[in-house]
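Notes follow once the structure below has been shown.
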Amino acid sequence: MIASRPAHRFARARTRRHSRKGSARFMKPKRTILCVDDDERSLSVRKVMLETRGYRVLTCTDPQHALETMQRGGIDLVLADLMMPKLSGAKLIDQLKAISPHTPALLFSGSVNCCAEDTLADGWLPKGEVAPMELLERIRVLLVRKRGPKRFAAPHQLAS
């Protein structure tokens with residue numbers, strides 16, 4: 001018969017090995033995405049998809065509420081539907097860009113294949129026709145473009 005160790009000893013050892021002490025200072029801050037759409041179902045699907053990829057997502061079904069959210073600051077990117085009842089997505093993005101001109105914005109629509117309106121949006125996507133990975137890649141590219149190129153540290157001088 002093989003002698004066995006009590007289960008609590010294994011549990012204790014496991015918690016020691018996976019200690020997270022000091023790991024918080026190396027975590028990247030989450031990027032905040034403001035999603036604006038009058039269709040709550042599409043909004044919730046998009047929110048779950050983005051949150052599972054590590055983004056912080058704020059949602060608005062009302063364009064006026066989106067403007068108020070943008071004025072508070074802290075938004076890294078905007079996703080807006082073109083066709084909304086109170087204010088079109090193109091006009092909303094123009095107003096959001098007046099508040100924060102350097103915040104990238106993506107415009108999309110399920111009923112129109114291209115945006116005929118003149119807008120300040122940084123990109124256009126047809127809703128439902130774009131694979132989630134393509135949307136995520138567009139978001140990543142716009143956020144990198146907003147941040148700018150990575151700055152590499154100067155090589156360390158060797159002491160003589």
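Labeling convention for the structure tokens: chains A, B, ... as they appear, residues from 1 per chain, ligands from 1 in order of appearance.
Within 8 Å of Arg56 (chain A), once only C-alpha atoms are used and residues closer than 4 positions along the same chain are dropped, the contacting residues are Lys30, Arg31, Thr32, Ile33, Leu50 and Glu51 of chain A.
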Can I get the selected residues back with C-alpha atoms, as a PDB file, in the first residue's frame?
ATOM      1  CA  LYS A  30      -7.799  47.516 -20.566  1.00  0.00           C
ATOM      2  CA  ARG A  31      -8.787  49.602 -23.562  1.00  0.00           C
ATOM      3  CA  THR A  32     -12.286  51.057 -23.325  1.00  0.00           C
ATOM      4  CA  ILE A  33     -14.629  50.728 -26.299  1.00  0.00           C
ATOM      5  CA  LEU A  50     -15.125  42.257 -26.934  1.00  0.00           C
ATOM      6  CA  GLU A  51     -15.072  41.614 -23.177  1.00  0.00           C
TER       7      GLU A  51
END
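Once Gly123 (chain A) and its same-chain neighbours fewer than 2 positions away are set aside, Ala105, Leu106, Leu107, Ala121 and Leu125 of chain A remain within 7 Å of it when counting only C-alpha atoms.
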Going by DSSP on the backbone, which residues of region 16-130 of chain A come out as alpha helix (DSSP H)? List them as a PyMOL selection string.
chain A and resi 16-17+40-52+63-72+89-99
With N, CA and C atoms retained, write the just-selected residues as a short mmCIF file (atom, residue, chain, number, x, y, z; two decimals), in the first residue's frame.
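What follows is the written file part.cif:
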data_model
loop_
_atom_site.label_atom_id
_atom_site.label_comp_id
_atom_site.auth_asym_id
_atom_site.auth_seq_id
_atom_site.Cartn_x
_atom_site.Cartn_y
_atom_site.Cartn_z
N ARG A 16 0.74 28.24 -3.28
CA ARG A 16 2.04 28.90 -3.17
C ARG A 16 2.69 29.05 -4.54
N ARG A 17 2.60 28.02 -5.34
CA ARG A 17 3.24 28.02 -6.64
C ARG A 17 2.62 29.05 -7.58
N GLU A 40 -30.51 46.27 -29.06
CA GLU A 40 -29.90 45.80 -27.82
C GLU A 40 -29.30 44.40 -27.96
N ARG A 41 -29.89 43.57 -28.80
CA ARG A 41 -29.36 42.22 -28.99
C ARG A 41 -27.98 42.26 -29.65
N SER A 42 -27.85 43.03 -30.70
CA SER A 42 -26.54 43.18 -31.37
C SER A 42 -25.52 43.77 -30.41
N LEU A 43 -25.97 44.71 -29.62
CA LEU A 43 -25.10 45.39 -28.66
C LEU A 43 -24.57 44.39 -27.62
N SER A 44 -25.45 43.53 -27.11
CA SER A 44 -25.01 42.58 -26.09
C SER A 44 -24.07 41.52 -26.67
N VAL A 45 -24.32 41.08 -27.90
CA VAL A 45 -23.42 40.12 -28.55
C VAL A 45 -22.04 40.73 -28.74
N ARG A 46 -22.01 41.96 -29.22
CA ARG A 46 -20.74 42.65 -29.44
C ARG A 46 -20.01 42.87 -28.11
N LYS A 47 -20.75 43.22 -27.08
CA LYS A 47 -20.15 43.46 -25.76
C LYS A 47 -19.48 42.19 -25.23
N VAL A 48 -20.17 41.05 -25.31
CA VAL A 48 -19.60 39.80 -24.83
C VAL A 48 -18.36 39.44 -25.63
N MET A 49 -18.42 39.58 -26.95
CA MET A 49 -17.28 39.24 -27.80
C MET A 49 -16.06 40.08 -27.43
N LEU A 50 -16.26 41.37 -27.24
CA LEU A 50 -15.12 42.26 -26.93
C LEU A 50 -14.60 42.06 -25.51
N GLU A 51 -15.51 41.83 -24.56
CA GLU A 51 -15.07 41.61 -23.18
C GLU A 51 -14.27 40.32 -23.04
N THR A 52 -14.64 39.29 -23.79
CA THR A 52 -13.87 38.04 -23.72
C THR A 52 -12.49 38.20 -24.34
N PRO A 63 -27.98 57.80 -28.69
CA PRO A 63 -26.82 58.62 -29.09
C PRO A 63 -26.51 59.77 -28.12
N GLN A 64 -27.54 60.34 -27.51
CA GLN A 64 -27.31 61.43 -26.55
C GLN A 64 -26.53 60.93 -25.34
N HIS A 65 -26.86 59.74 -24.88
CA HIS A 65 -26.13 59.14 -23.75
C HIS A 65 -24.68 58.86 -24.16
N ALA A 66 -24.46 58.48 -25.43
CA ALA A 66 -23.10 58.24 -25.92
C ALA A 66 -22.28 59.53 -25.89
N LEU A 67 -22.90 60.64 -26.26
CA LEU A 67 -22.20 61.94 -26.21
C LEU A 67 -21.82 62.29 -24.78
N GLU A 68 -22.72 62.06 -23.84
CA GLU A 68 -22.42 62.33 -22.42
C GLU A 68 -21.29 61.44 -21.92
N THR A 69 -21.30 60.17 -22.33
CA THR A 69 -20.25 59.24 -21.93
C THR A 69 -18.90 59.68 -22.49
N MET A 70 -18.89 60.13 -23.72
CA MET A 70 -17.64 60.58 -24.36
C MET A 70 -17.10 61.83 -23.66
N GLN A 71 -17.97 62.71 -23.22
CA GLN A 71 -17.52 63.94 -22.54
C GLN A 71 -16.83 63.62 -21.22
N ARG A 72 -17.20 62.51 -20.58
CA ARG A 72 -16.54 62.12 -19.33
C ARG A 72 -15.12 61.65 -19.58
N GLY A 89 -25.58 57.35 -37.15
CA GLY A 89 -24.25 57.05 -36.64
C GLY A 89 -23.18 57.96 -37.20
N ALA A 90 -23.33 58.37 -38.47
CA ALA A 90 -22.34 59.27 -39.10
C ALA A 90 -22.33 60.61 -38.39
N LYS A 91 -23.51 61.15 -38.10
CA LYS A 91 -23.58 62.43 -37.39
C LYS A 91 -23.11 62.30 -35.95
N LEU A 92 -23.41 61.16 -35.34
CA LEU A 92 -22.95 60.91 -33.97
C LEU A 92 -21.43 60.90 -33.93
N ILE A 93 -20.80 60.20 -34.87
CA ILE A 93 -19.34 60.15 -34.89
C ILE A 93 -18.75 61.54 -35.13
N ASP A 94 -19.37 62.33 -35.99
CA ASP A 94 -18.89 63.70 -36.20
C ASP A 94 -18.93 64.49 -34.89
N GLN A 95 -20.00 64.33 -34.12
CA GLN A 95 -20.11 65.04 -32.84
C GLN A 95 -19.12 64.48 -31.81
N LEU A 96 -18.92 63.16 -31.82
CA LEU A 96 -17.95 62.56 -30.90
C LEU A 96 -16.53 63.00 -31.23
N LYS A 97 -16.24 63.14 -32.53
CA LYS A 97 -14.91 63.61 -32.96
C LYS A 97 -14.68 65.07 -32.58
N ALA A 98 -15.76 65.85 -32.48
CA ALA A 98 -15.62 67.23 -32.02
C ALA A 98 -15.20 67.26 -30.55
N ILE A 99 -15.64 66.26 -29.78
CA ILE A 99 -15.27 66.16 -28.36
C ILE A 99 -13.86 65.60 -28.22
#
Between CA of Leu79 (chain A) and CA of Leu34 (chain A), distance in Å (one decimal)
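Separation between CA of Leu79 (chain A) and CA of Leu34 (chain A): 6.2 Å.
For the choices A:Pro29, A:Pro126, A:Gly54, A:Pro132, the atom-to-atom distance to Gly74 (chain A) is smallest for A:Pro29 when using only C-alpha atoms.
Atom to atom, CA of Asp37 (chain A) and CA of Phe108 (chain A) stand 9.6 Å apart.
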CA of Thr103 (chain A) and CA of Cys60 (chain A) are how many Å apart?
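CA of Cys60 (chain A) lies at a distance of 17.0 Å from CA of Thr103 (chain A).
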